Amino acid sequence: MATTEARRAAGTGSPAALDPLDFLDVDALLSDEERMIRDATRGWVRDRILPGIEGWFDRGEFPTEVAGELGQLGLLGMHLTGYGCAGTNAVSYGLACMELEAGDSGFRSFVSVQGSLAMFPIWKFGSEEQKQEWLPRMAAGEVIGCFGLTEPDFGSDPSNMRTAARREGPDWVLNGTKMWITSGGIAGLAVVWARTDEGIRGFLVPRGTPGFSTKDIERKLSLRASVTSELVLEDCRLPEEAVLPGVTGLKGPLSCLSEARYGIVWGAMGAARSCYQTALEYAKSRVQFGKPIGGFQLTQEKLADMLVELNKGVLLALHLGRMKDEGRVRPEHVSLGKLNNVREALAIARQARTILGANGITLEYPVIRHMNNLESVLTYEGTSEIHTLILGQAITGLAAFD
Amino acid sequence: MNIVVLVKYIPNPEGTPEMGPDHRLKREGVEGALDPGDEHSVEAALQLAGSDGEVTLVTMGPEAAVGALRRGLSMGGHKGVHVLDDSLKGADVLVTARVLAAVVKRQAGFDLVLAGVESTDGYTGTLPMAVAELLDLPNVTFARKVEVADGTLKVERQTEAGYDEVECPLPAVVTVTAGANEPRYPTLKGIMQAKQKPMDTLSVSDLGLSAEDVKATQEVMGLEPVAAKEAGEVIEDPEEAPGRVVEFLTKAKVI
Ligand SMILES: Cc1cc2nc3c(=O)[nH]c(=O)nc-3n(C[C@H](O)[C@H](O)[C@H](O)COP(=O)(O)OP(=O)(O)OC[C@H]3O[C@@H](n4cnc5c(N)ncnc54)[C@H](O)[C@@H]3O)c2cc1C
């Protein structure tokens, strides 16, 4: 290691081998520990996700039993410290997201929601009691969490949410409906954002609380190996200890979203890599007009474009990860990453689909599954339009949201 | 229980290994990993060591071989020893065994030495016996189950017909089969703790070995690809089949 680094510093390294799956030798930019975390996640995805994903996606189910395995591995809340969390850096978290999403966006979504949307607000804004009570069990995968911000009538514009909490004696009483909530139906704990007289606040709502119920959304054609639900709060009474004491206002949920979005910047490239890899192998073996279709210029152009965007996207993700680890990243930087990488991942998936011809539309190959999943990824955690407006505002100083 | 596990870093276990001009496996500058076979001996060691035992991982190999130790440490091993010395390039089985035996000897109070049955790159499958011989220890091979009760080692030794039950005193050298267990995944915490665990890097002279001790006496003269298997003969006619089978077996001097 030391000598490799010395050679690199001296500029006398030998040219990197051309690996179609790591064309720019990004591997060399990672630490041993980061590589090991990536490899451990990749191995788990290979053994536990890939053999079952076709069936889960087809039947529209998420195998909840993997929650414990993900906890055992240490992937839940991995970038948080203490309370049973692994405490990795942001780059390692990103690499794990990439490997999970190369399996299926549903699993990356589960891990993102658990770690960045449900555990993160407790870790960041919770009381010591709340942290002790929930984080170790969530890190172990014993309690599944969800994050309720979006409502039927308020998606991109959550500031006008209707779900409200009012004080009644020592208690809080919540009323409202949350919609499109990942893991809602399987969650033991919902982090629900509601308006109060003081502004928007976060509430910890355990499953089984009277007045709290969930209903799963059926007939999705995207992110099928993931539970998406409606949360209903009808005079749901919670004690004072249920409110997250550390934050008031929309910055609470938005800070969680910035964490999760960062993971998506990487995750999307995982899905893209799976599509590119599938298309590349297919192009080399499928013969038409007497030669492999990978030998036609039009196919090569597609593959080369995919390769270029994939490598740019991974470098972008790594760059944002390093900035995050140095404490220099801003939500606007993450917006740039999410906008680019999800857009390009979707383009790669669509190109890959064409290379597979008719085979591209079946579940036998991962491509159309990733393609359909990425439609959700394009929309959640801030739509591509909203991230465009965030960037527009950042560079012009003019807000164009309303 | 204090257990020493002999582990090997092998080039690219999932791909096709490349041979160098010296007819040896290219080991430097290639991606590698802990030999998948060794994961089973590490797992067995971790299970046997329990919460109060210690598992020491030992490897000999180039700079990159430290990856094998890191992997084992991230699974839960306690410390690593890496023998790194330019003079060991091209070491044969006997030299490797001398080096590893010298390392094992330095581990005060070890109870057991575990190794894989054979490496996934070289497939000689003779190293653990040589180490046992040099240490003058009993050696049980092909363990599909390893237990220790009242200071005695109990092994189910895989055979072609089934298994033998073997008992032997400790310390001993045991080779573990892939059927023995399901190796654990390294956890993220394990990976992060691995780099804080003690790791010794030793040279040949640190081990008290001479240049003569580590001089290979085997030389690889050349390489031949294994002849491709010929397709079997299929006899479709049921009338003809019995006679042809008897003829074939007679020719092979089986009957
Ligand atoms: C599978 C899935 C899982 C999800 N999981 C969660 C979850 O766990 N928790 C959670 O809280 N939410 C979740 N969501 C909800 C997601 O965050 C919202 O769908 C998203 O914020 C968009 O809201 P919307 O669907 O209401 O679309 P809308 O906000 O109604 O937007 C519709 C269209 O209008 C565009 N648009 C809106 N405003 C503007 C504007 N000012 N200028 C230009 N264009 C605009 C949008 O970009 C979009 O193209 C999930 C969604 C999906 C699909």
# chains A, B, ... in the order shown; residues from 1 in each chain; ligands from 1
>>> interface_residues(of="chain A", to="chain B", cutoff="12 Å", atoms="only C-alpha atoms", output="number ranges by chain")
A: 1-4, 13-17, 19, 27-28, 31-45, 47-48, 69-79, 81-82, 84-89, 92-93, 96, 139-140
>>> select_by_dssp(residues="segment 31-155 of chain B", states="strand (DSSP E)", output="VMD selection string")
chain B and resid 32 to 34 54 to 60 79 to 83 112 to 116 139 to 149 152 to 155
>>> write_last_selection(atoms="C-alpha atoms", output="CSV table (one decimal), in the first residue's frame")
chain,number,residue,atom,x,y,z
B,32,GLY,CA,-6.6,-10.8,-4.9
B,33,ALA,CA,-8.5,-12.0,-1.9
B,34,LEU,CA,-8.4,-14.4,1.1
B,54,GLU,CA,-7.7,-15.7,20.7
B,55,VAL,CA,-7.4,-16.3,16.9
B,56,THR,CA,-4.1,-15.4,15.3
B,57,LEU,CA,-4.0,-15.3,11.5
B,58,VAL,CA,-0.7,-16.1,9.8
B,59,THR,CA,0.2,-15.5,6.2
B,60,MET,CA,3.3,-15.5,4.1
B,79,LYS,CA,-4.3,-10.5,15.5
B,80,GLY,CA,-2.3,-11.0,12.3
B,81,VAL,CA,1.2,-12.0,11.4
B,82,HIS,CA,2.6,-11.3,7.9
B,83,VAL,CA,5.8,-12.8,6.8
B,112,LEU,CA,-4.5,-25.6,17.7
B,113,VAL,CA,-3.4,-24.8,14.2
B,114,LEU,CA,-6.1,-24.7,11.5
B,115,ALA,CA,-5.6,-24.5,7.7
B,116,GLY,CA,-7.7,-25.1,4.6
B,139,ASN,CA,-2.2,-33.8,12.1
B,140,VAL,CA,-5.9,-34.5,11.2
B,141,THR,CA,-7.0,-33.7,7.7
B,142,PHE,CA,-10.3,-33.1,6.0
B,143,ALA,CA,-12.3,-32.1,9.1
B,144,ARG,CA,-15.9,-31.5,8.5
B,145,LYS,CA,-16.5,-30.9,12.2
B,146,VAL,CA,-14.0,-29.9,14.8
B,147,GLU,CA,-14.8,-29.9,18.6
B,148,VAL,CA,-12.7,-29.7,21.7
B,149,ALA,CA,-13.9,-31.5,24.8
B,152,THR,CA,-9.1,-33.5,23.5
B,153,LEU,CA,-9.7,-32.7,19.9
B,154,LYS,CA,-12.6,-34.5,18.3
B,155,VAL,CA,-12.8,-34.4,14.5
>>> residues_around(residues="Gly50 of chain B", least_positions_apart="2", cutoff="12 Å", atoms="only C-alpha atoms", output="PyMOL selection string")
chain B and resi 1-3+43-48+52-55+76-78+147-148
>>> write_last_selection(atoms="N, CA and C atoms", output="PDB file, in the first residue's frame")
ATOM      1  N   MET B   1      -9.194 -21.072  24.394  1.00  0.00           N
ATOM      2  CA  MET B   1      -8.465 -21.671  23.263  1.00  0.00           C
ATOM      3  C   MET B   1      -7.721 -20.624  22.451  1.00  0.00           C
ATOM      4  N   ASN B   2      -6.466 -20.854  22.232  1.00  0.00           N
ATOM      5  CA  ASN B   2      -5.714 -19.986  21.338  1.00  0.00           C
ATOM      6  C   ASN B   2      -5.431 -20.746  20.046  1.00  0.00           C
ATOM      7  N   ILE B   3      -5.893 -20.155  18.970  1.00  0.00           N
ATOM      8  CA  ILE B   3      -5.832 -20.871  17.704  1.00  0.00           C
ATOM      9  C   ILE B   3      -5.061 -20.059  16.678  1.00  0.00           C
ATOM     10  N   GLU B  43     -13.549 -19.355  10.095  1.00  0.00           N
ATOM     11  CA  GLU B  43     -14.841 -19.493  10.761  1.00  0.00           C
ATOM     12  C   GLU B  43     -14.766 -20.546  11.866  1.00  0.00           C
ATOM     13  N   ALA B  44     -14.161 -21.690  11.549  1.00  0.00           N
ATOM     14  CA  ALA B  44     -14.046 -22.756  12.553  1.00  0.00           C
ATOM     15  C   ALA B  44     -13.262 -22.260  13.764  1.00  0.00           C
ATOM     16  N   ALA B  45     -12.198 -21.506  13.503  1.00  0.00           N
ATOM     17  CA  ALA B  45     -11.378 -20.987  14.605  1.00  0.00           C
ATOM     18  C   ALA B  45     -12.190 -20.036  15.478  1.00  0.00           C
ATOM     19  N   LEU B  46     -12.958 -19.160  14.825  1.00  0.00           N
ATOM     20  CA  LEU B  46     -13.737 -18.186  15.596  1.00  0.00           C
ATOM     21  C   LEU B  46     -14.768 -18.896  16.465  1.00  0.00           C
ATOM     22  N   GLN B  47     -15.369 -19.943  15.910  1.00  0.00           N
ATOM     23  CA  GLN B  47     -16.363 -20.684  16.695  1.00  0.00           C
ATOM     24  C   GLN B  47     -15.711 -21.407  17.875  1.00  0.00           C
ATOM     25  N   LEU B  48     -14.548 -22.008  17.619  1.00  0.00           N
ATOM     26  CA  LEU B  48     -13.881 -22.753  18.688  1.00  0.00           C
ATOM     27  C   LEU B  48     -13.305 -21.830  19.761  1.00  0.00           C
ATOM     28  N   ASP B  52     -13.519 -16.022  24.960  1.00  0.00           N
ATOM     29  CA  ASP B  52     -12.286 -15.731  25.694  1.00  0.00           C
ATOM     30  C   ASP B  52     -11.029 -16.221  24.980  1.00  0.00           C
ATOM     31  N   GLY B  53     -11.193 -16.875  23.848  1.00  0.00           N
ATOM     32  CA  GLY B  53     -10.022 -17.366  23.132  1.00  0.00           C
ATOM     33  C   GLY B  53      -9.440 -16.307  22.214  1.00  0.00           C
ATOM     34  N   GLU B  54      -8.356 -16.689  21.556  1.00  0.00           N
ATOM     35  CA  GLU B  54      -7.714 -15.738  20.660  1.00  0.00           C
ATOM     36  C   GLU B  54      -7.397 -16.424  19.340  1.00  0.00           C
ATOM     37  N   VAL B  55      -7.690 -15.752  18.258  1.00  0.00           N
ATOM     38  CA  VAL B  55      -7.421 -16.305  16.938  1.00  0.00           C
ATOM     39  C   VAL B  55      -6.332 -15.466  16.270  1.00  0.00           C
ATOM     40  N   GLY B  76     -13.394 -11.306  12.579  1.00  0.00           N
ATOM     41  CA  GLY B  76     -13.366 -11.427  14.038  1.00  0.00           C
ATOM     42  C   GLY B  76     -12.058 -11.941  14.620  1.00  0.00           C
ATOM     43  N   GLY B  77     -11.085 -12.247  13.761  1.00  0.00           N
ATOM     44  CA  GLY B  77      -9.765 -12.672  14.244  1.00  0.00           C
ATOM     45  C   GLY B  77      -9.157 -11.590  15.127  1.00  0.00           C
ATOM     46  N   HIS B  78      -8.207 -11.983  15.978  1.00  0.00           N
ATOM     47  CA  HIS B  78      -7.692 -11.022  16.959  1.00  0.00           C
ATOM     48  C   HIS B  78      -6.389 -10.360  16.559  1.00  0.00           C
ATOM     49  N   GLU B 147     -14.315 -30.270  17.207  1.00  0.00           N
ATOM     50  CA  GLU B 147     -14.779 -29.941  18.555  1.00  0.00           C
ATOM     51  C   GLU B 147     -13.635 -30.169  19.517  1.00  0.00           C
ATOM     52  N   VAL B 148     -13.679 -29.465  20.644  1.00  0.00           N
ATOM     53  CA  VAL B 148     -12.700 -29.741  21.683  1.00  0.00           C
ATOM     54  C   VAL B 148     -13.465 -30.005  22.969  1.00  0.00           C
TER      55      VAL B 148
END
>>> select_by_dssp(residues="segment 49-242 of chain B", states="alpha helix (DSSP H)", output="VMD selection string")
chain B and resid 49 66 to 75 93 to 106 127 to 135 188 to 194 241 to 242
>>> write_last_selection(atoms="N, CA and C atoms", output="tab-separated table (two decimals), in the first residue's frame")
chain	number	residue	atom	x	y	z
B	49	ALA	N	-12.82	-20.68	19.33
B	49	ALA	CA	-12.16	-19.78	20.28
B	49	ALA	C	-13.15	-19.22	21.28
B	66	VAL	N	-1.39	-8.94	2.88
B	66	VAL	CA	-1.95	-8.39	4.10
B	66	VAL	C	-3.49	-8.33	3.98
B	67	GLY	N	-3.98	-8.30	2.74
B	67	GLY	CA	-5.44	-8.31	2.51
B	67	GLY	C	-6.10	-9.55	3.08
B	68	ALA	N	-5.40	-10.67	3.04
B	68	ALA	CA	-5.97	-11.91	3.60
B	68	ALA	C	-6.11	-11.77	5.11
B	69	LEU	N	-5.10	-11.16	5.72
B	69	LEU	CA	-5.17	-10.97	7.17
B	69	LEU	C	-6.29	-10.01	7.53
B	70	ARG	N	-6.39	-8.93	6.77
B	70	ARG	CA	-7.43	-7.94	7.07
B	70	ARG	C	-8.81	-8.55	6.98
B	71	ARG	N	-8.99	-9.37	5.96
B	71	ARG	CA	-10.29	-10.02	5.80
B	71	ARG	C	-10.60	-10.91	7.01
B	72	GLY	N	-9.61	-11.69	7.41
B	72	GLY	CA	-9.81	-12.57	8.57
B	72	GLY	C	-10.02	-11.77	9.85
B	73	LEU	N	-9.30	-10.66	9.99
B	73	LEU	CA	-9.47	-9.83	11.18
B	73	LEU	C	-10.85	-9.19	11.18
B	74	SER	N	-11.35	-8.83	9.99
B	74	SER	CA	-12.66	-8.20	9.94
B	74	SER	C	-13.77	-9.21	10.23
B	75	MET	N	-13.48	-10.50	10.02
B	75	MET	CA	-14.45	-11.52	10.39
B	75	MET	C	-14.46	-11.72	11.91
B	93	VAL	N	6.68	-25.64	-1.28
B	93	VAL	CA	5.87	-26.04	-0.13
B	93	VAL	C	6.73	-26.18	1.13
B	94	LEU	N	7.90	-26.79	0.97
B	94	LEU	CA	8.73	-27.03	2.16
B	94	LEU	C	9.20	-25.72	2.78
B	95	VAL	N	9.62	-24.80	1.93
B	95	VAL	CA	10.07	-23.50	2.45
B	95	VAL	C	8.91	-22.80	3.16
B	96	THR	N	7.75	-22.80	2.50
B	96	THR	CA	6.58	-22.15	3.10
B	96	THR	C	6.27	-22.79	4.45
B	97	ALA	N	6.35	-24.11	4.49
B	97	ALA	CA	6.05	-24.82	5.75
B	97	ALA	C	7.06	-24.44	6.82
B	98	ARG	N	8.34	-24.31	6.45
B	98	ARG	CA	9.37	-23.93	7.43
B	98	ARG	C	9.05	-22.56	8.01
B	99	VAL	N	8.68	-21.65	7.11
B	99	VAL	CA	8.40	-20.29	7.55
B	99	VAL	C	7.17	-20.28	8.48
B	100	LEU	N	6.10	-20.94	8.04
B	100	LEU	CA	4.87	-20.90	8.84
B	100	LEU	C	5.08	-21.62	10.18
B	101	ALA	N	5.82	-22.72	10.14
B	101	ALA	CA	6.08	-23.44	11.40
B	101	ALA	C	6.87	-22.55	12.35
B	102	ALA	N	7.80	-21.78	11.80
B	102	ALA	CA	8.59	-20.88	12.65
B	102	ALA	C	7.69	-19.82	13.28
B	103	VAL	N	6.71	-19.36	12.51
B	103	VAL	CA	5.79	-18.36	13.08
B	103	VAL	C	4.94	-19.00	14.17
B	104	VAL	N	4.42	-20.18	13.90
B	104	VAL	CA	3.55	-20.85	14.88
B	104	VAL	C	4.31	-21.06	16.18
B	105	LYS	N	5.56	-21.45	16.07
B	105	LYS	CA	6.37	-21.70	17.26
B	105	LYS	C	6.47	-20.47	18.16
B	106	ARG	N	6.44	-19.31	17.53
B	106	ARG	CA	6.55	-18.07	18.31
B	106	ARG	C	5.26	-17.72	19.05
B	127	LEU	N	0.81	-28.62	2.36
B	127	LEU	CA	1.45	-27.70	3.29
B	127	LEU	C	1.12	-27.97	4.77
B	128	PRO	N	-0.16	-28.17	5.11
B	128	PRO	CA	-0.46	-28.34	6.54
B	128	PRO	C	0.24	-29.55	7.14
B	129	MET	N	0.38	-30.64	6.35
B	129	MET	CA	1.06	-31.83	6.89
B	129	MET	C	2.53	-31.51	7.13
B	130	ALA	N	3.12	-30.77	6.21
B	130	ALA	CA	4.53	-30.42	6.37
B	130	ALA	C	4.72	-29.57	7.62
B	131	VAL	N	3.80	-28.63	7.84
B	131	VAL	CA	3.90	-27.78	9.04
B	131	VAL	C	3.79	-28.65	10.29
B	132	ALA	N	2.84	-29.58	10.29
B	132	ALA	CA	2.64	-30.46	11.45
B	132	ALA	C	3.91	-31.27	11.72
B	133	GLU	N	4.49	-31.76	10.64
B	133	GLU	CA	5.69	-32.58	10.77
B	133	GLU	C	6.84	-31.75	11.38
B	134	LEU	N	7.01	-30.54	10.85
B	134	LEU	CA	8.09	-29.68	11.36
B	134	LEU	C	7.87	-29.30	12.81
B	135	LEU	N	6.61	-29.20	13.21
B	135	LEU	CA	6.31	-28.84	14.60
B	135	LEU	C	6.20	-30.07	15.48
B	188	LEU	N	-19.58	-4.49	9.15
B	188	LEU	CA	-18.96	-3.17	9.00
B	188	LEU	C	-18.12	-2.82	10.22
B	189	LYS	N	-18.65	-3.15	11.39
B	189	LYS	CA	-17.88	-2.87	12.60
B	189	LYS	C	-16.60	-3.69	12.62
B	190	GLY	N	-16.70	-4.94	12.20
B	190	GLY	CA	-15.52	-5.79	12.14
B	190	GLY	C	-14.48	-5.21	11.20
B	191	ILE	N	-14.94	-4.72	10.06
B	191	ILE	CA	-14.03	-4.13	9.08
B	191	ILE	C	-13.33	-2.92	9.67
B	192	MET	N	-14.11	-2.12	10.39
B	192	MET	CA	-13.52	-0.89	10.94
B	192	MET	C	-12.59	-1.16	12.11
B	193	GLN	N	-12.90	-2.23	12.86
B	193	GLN	CA	-12.02	-2.56	13.99
B	193	GLN	C	-10.74	-3.23	13.51
B	194	ALA	N	-10.82	-3.88	12.33
B	194	ALA	CA	-9.69	-4.68	11.86
B	194	ALA	C	-8.41	-3.87	11.83
B	241	ALA	N	-26.26	-52.07	-25.58
B	241	ALA	CA	-25.62	-51.43	-24.42
B	241	ALA	C	-24.93	-52.38	-23.43
B	242	PRO	N	-25.60	-53.42	-22.91
B	242	PRO	CA	-24.95	-54.24	-21.88
B	242	PRO	C	-23.62	-54.81	-22.35
>>> residues_near_ligand(ligand="ligand 1", cutoff="7 Å", atoms="only C-alpha atoms and all ligand atoms", output="ChimeraX atom specification")
/A:113,146-150,152-157,179-183,222-223,228,376,379-386,400-402
>>> residues_around(residues="Ser205 of chain B", least_positions_apart="5", cutoff="12 Å", atoms="only C-alpha atoms", output="PyMOL selection string")
chain B and resi 83-88+99+102-103+210-214
>>> write_last_selection(atoms="all heavy atoms", output="short mmCIF file (atom, residue, chain, number, x, y, z; two decimals), in the first residue's frame")
data_model
loop_
_atom_site.label_atom_id
_atom_site.label_comp_id
_atom_site.auth_asym_id
_atom_site.auth_seq_id
_atom_site.Cartn_x
_atom_site.Cartn_y
_atom_site.Cartn_z
N VAL B 83 4.41 -12.63 7.09
CA VAL B 83 5.82 -12.82 6.78
C VAL B 83 6.05 -12.29 5.37
O VAL B 83 5.48 -12.79 4.40
CB VAL B 83 6.24 -14.30 6.87
CG1 VAL B 83 7.74 -14.41 6.63
CG2 VAL B 83 5.85 -14.88 8.22
N LEU B 84 6.85 -11.24 5.32
CA LEU B 84 7.07 -10.53 4.07
C LEU B 84 8.57 -10.43 3.86
O LEU B 84 9.27 -9.81 4.65
CB LEU B 84 6.44 -9.13 4.20
CG LEU B 84 6.67 -8.14 3.08
CD1 LEU B 84 5.96 -8.60 1.82
CD2 LEU B 84 6.14 -6.76 3.48
N ASP B 85 9.05 -11.07 2.81
CA ASP B 85 10.49 -11.06 2.60
C ASP B 85 10.75 -11.41 1.14
O ASP B 85 10.26 -12.42 0.63
CB ASP B 85 11.14 -12.12 3.52
CG ASP B 85 12.63 -11.90 3.66
OD1 ASP B 85 13.31 -11.74 2.62
OD2 ASP B 85 13.11 -11.87 4.81
N ASP B 86 11.51 -10.56 0.48
CA ASP B 86 11.77 -10.76 -0.95
C ASP B 86 12.39 -12.12 -1.24
O ASP B 86 12.17 -12.70 -2.30
CB ASP B 86 12.72 -9.66 -1.48
CG ASP B 86 11.95 -8.39 -1.78
OD1 ASP B 86 10.69 -8.47 -1.85
OD2 ASP B 86 12.58 -7.33 -1.92
N SER B 87 13.14 -12.63 -0.25
CA SER B 87 13.82 -13.91 -0.50
C SER B 87 12.83 -15.07 -0.58
O SER B 87 13.19 -16.17 -0.96
CB SER B 87 14.85 -14.18 0.60
OG SER B 87 14.18 -14.45 1.82
N LEU B 88 11.56 -14.81 -0.22
CA LEU B 88 10.58 -15.90 -0.24
C LEU B 88 9.86 -16.03 -1.57
O LEU B 88 9.03 -16.92 -1.76
CB LEU B 88 9.55 -15.68 0.88
CG LEU B 88 10.13 -15.84 2.29
CD1 LEU B 88 9.13 -15.38 3.33
CD2 LEU B 88 10.54 -17.29 2.53
N VAL B 99 8.68 -21.65 7.11
CA VAL B 99 8.40 -20.29 7.55
C VAL B 99 7.17 -20.28 8.48
O VAL B 99 7.20 -19.69 9.57
CB VAL B 99 8.16 -19.37 6.32
CG1 VAL B 99 7.57 -18.04 6.74
CG2 VAL B 99 9.47 -19.17 5.56
N ALA B 102 7.80 -21.78 11.80
CA ALA B 102 8.59 -20.88 12.65
C ALA B 102 7.69 -19.82 13.28
O ALA B 102 7.88 -19.44 14.44
CB ALA B 102 9.70 -20.23 11.83
N VAL B 103 6.71 -19.36 12.51
CA VAL B 103 5.79 -18.36 13.08
C VAL B 103 4.94 -19.00 14.17
O VAL B 103 4.76 -18.43 15.25
CB VAL B 103 4.86 -17.77 11.99
CG1 VAL B 103 3.88 -16.77 12.61
CG2 VAL B 103 5.66 -17.09 10.90
N SER B 210 17.62 -19.19 8.18
CA SER B 210 18.79 -18.82 7.37
C SER B 210 18.39 -18.76 5.89
O SER B 210 17.31 -19.23 5.51
CB SER B 210 19.88 -19.87 7.54
OG SER B 210 19.43 -21.09 6.99
N ALA B 211 19.28 -18.23 5.09
CA ALA B 211 19.04 -18.18 3.65
C ALA B 211 18.88 -19.59 3.09
O ALA B 211 18.09 -19.83 2.18
CB ALA B 211 20.20 -17.47 2.96
N GLU B 212 19.62 -20.51 3.69
CA GLU B 212 19.54 -21.91 3.25
C GLU B 212 18.15 -22.49 3.53
O GLU B 212 17.58 -23.20 2.69
CB GLU B 212 20.63 -22.71 4.01
CG GLU B 212 20.95 -24.06 3.41
CD GLU B 212 21.36 -23.97 1.95
OE1 GLU B 212 21.98 -22.95 1.52
OE2 GLU B 212 21.03 -24.92 1.23
N ASP B 213 17.60 -22.13 4.71
CA ASP B 213 16.27 -22.64 5.09
C ASP B 213 15.19 -22.25 4.08
O ASP B 213 14.19 -22.96 3.93
CB ASP B 213 15.85 -22.06 6.46
CG ASP B 213 16.68 -22.62 7.60
OD1 ASP B 213 17.15 -23.76 7.47
OD2 ASP B 213 16.85 -21.91 8.62
N VAL B 214 15.36 -21.09 3.47
CA VAL B 214 14.28 -20.60 2.62
C VAL B 214 14.62 -20.73 1.13
O VAL B 214 14.02 -20.08 0.28
CB VAL B 214 13.91 -19.13 2.95
CG1 VAL B 214 13.38 -19.04 4.37
CG2 VAL B 214 15.08 -18.19 2.74
#
>>> residues_around(residues="Pro253 of chain A", least_positions_apart="5", cutoff="8 Å", atoms="only C-alpha atoms", output="list in words")
Pro121, Leu149, Trp193 and Gly202 of chain A
>>> residues_around(residues="Thr16 of chain B", least_positions_apart="3", cutoff="12 Å", atoms="only C-alpha atoms", output="tab-separated table (two decimals) with N, CA and C atoms, in the first residue's frame")
chain	number	residue	atom	x	y	z
B	10	ILE	N	-4.77	-15.17	-2.38
B	10	ILE	CA	-4.61	-15.72	-3.72
B	10	ILE	C	-5.11	-14.73	-4.76
B	11	PRO	N	-4.50	-14.75	-5.95
B	11	PRO	CA	-4.94	-13.81	-6.97
B	11	PRO	C	-6.33	-14.17	-7.48
B	12	ASN	N	-7.16	-13.16	-7.55
B	12	ASN	CA	-8.44	-13.20	-8.26
B	12	ASN	C	-9.17	-14.55	-8.20
B	13	PRO	N	-9.71	-14.93	-7.06
B	13	PRO	CA	-10.29	-16.27	-6.92
B	13	PRO	C	-11.45	-16.54	-7.89
B	19	MET	N	-0.41	-16.81	-15.59
B	19	MET	CA	0.89	-17.37	-15.28
B	19	MET	C	1.98	-16.43	-15.77
B	25	LEU	N	2.36	-18.50	-10.82
B	25	LEU	CA	1.19	-17.65	-10.80
B	25	LEU	C	1.63	-16.20	-10.61
B	26	LYS	N	1.04	-15.31	-11.39
B	26	LYS	CA	1.31	-13.89	-11.19
B	26	LYS	C	0.61	-13.46	-9.92
B	30	VAL	N	-1.91	-7.93	-9.15
B	30	VAL	CA	-3.22	-8.48	-9.52
B	30	VAL	C	-4.14	-8.38	-8.30
B	31	GLU	N	-5.41	-8.17	-8.61
B	31	GLU	CA	-6.41	-8.18	-7.55
B	31	GLU	C	-6.40	-9.53	-6.86
B	32	GLY	N	-6.59	-9.55	-5.58
B	32	GLY	CA	-6.62	-10.83	-4.90
B	32	GLY	C	-7.57	-10.81	-3.73
B	120	THR	N	-6.76	-22.61	-3.23
B	120	THR	CA	-7.55	-22.57	-4.46
B	120	THR	C	-6.69	-22.21	-5.66
B	121	ASP	N	-5.45	-21.74	-5.43
B	121	ASP	CA	-4.61	-21.42	-6.60
B	121	ASP	C	-3.60	-22.54	-6.91
>>> atom_distance(atom1="atom CA of Gln351 of chain A", atom2="atom CA of Lys302 of chain A")
6.6 Å
>>> residues_around(residues="Leu336 of chain A", least_positions_apart="6", cutoff="10 Å", atoms="only C-alpha atoms", output="count of residues only")
8
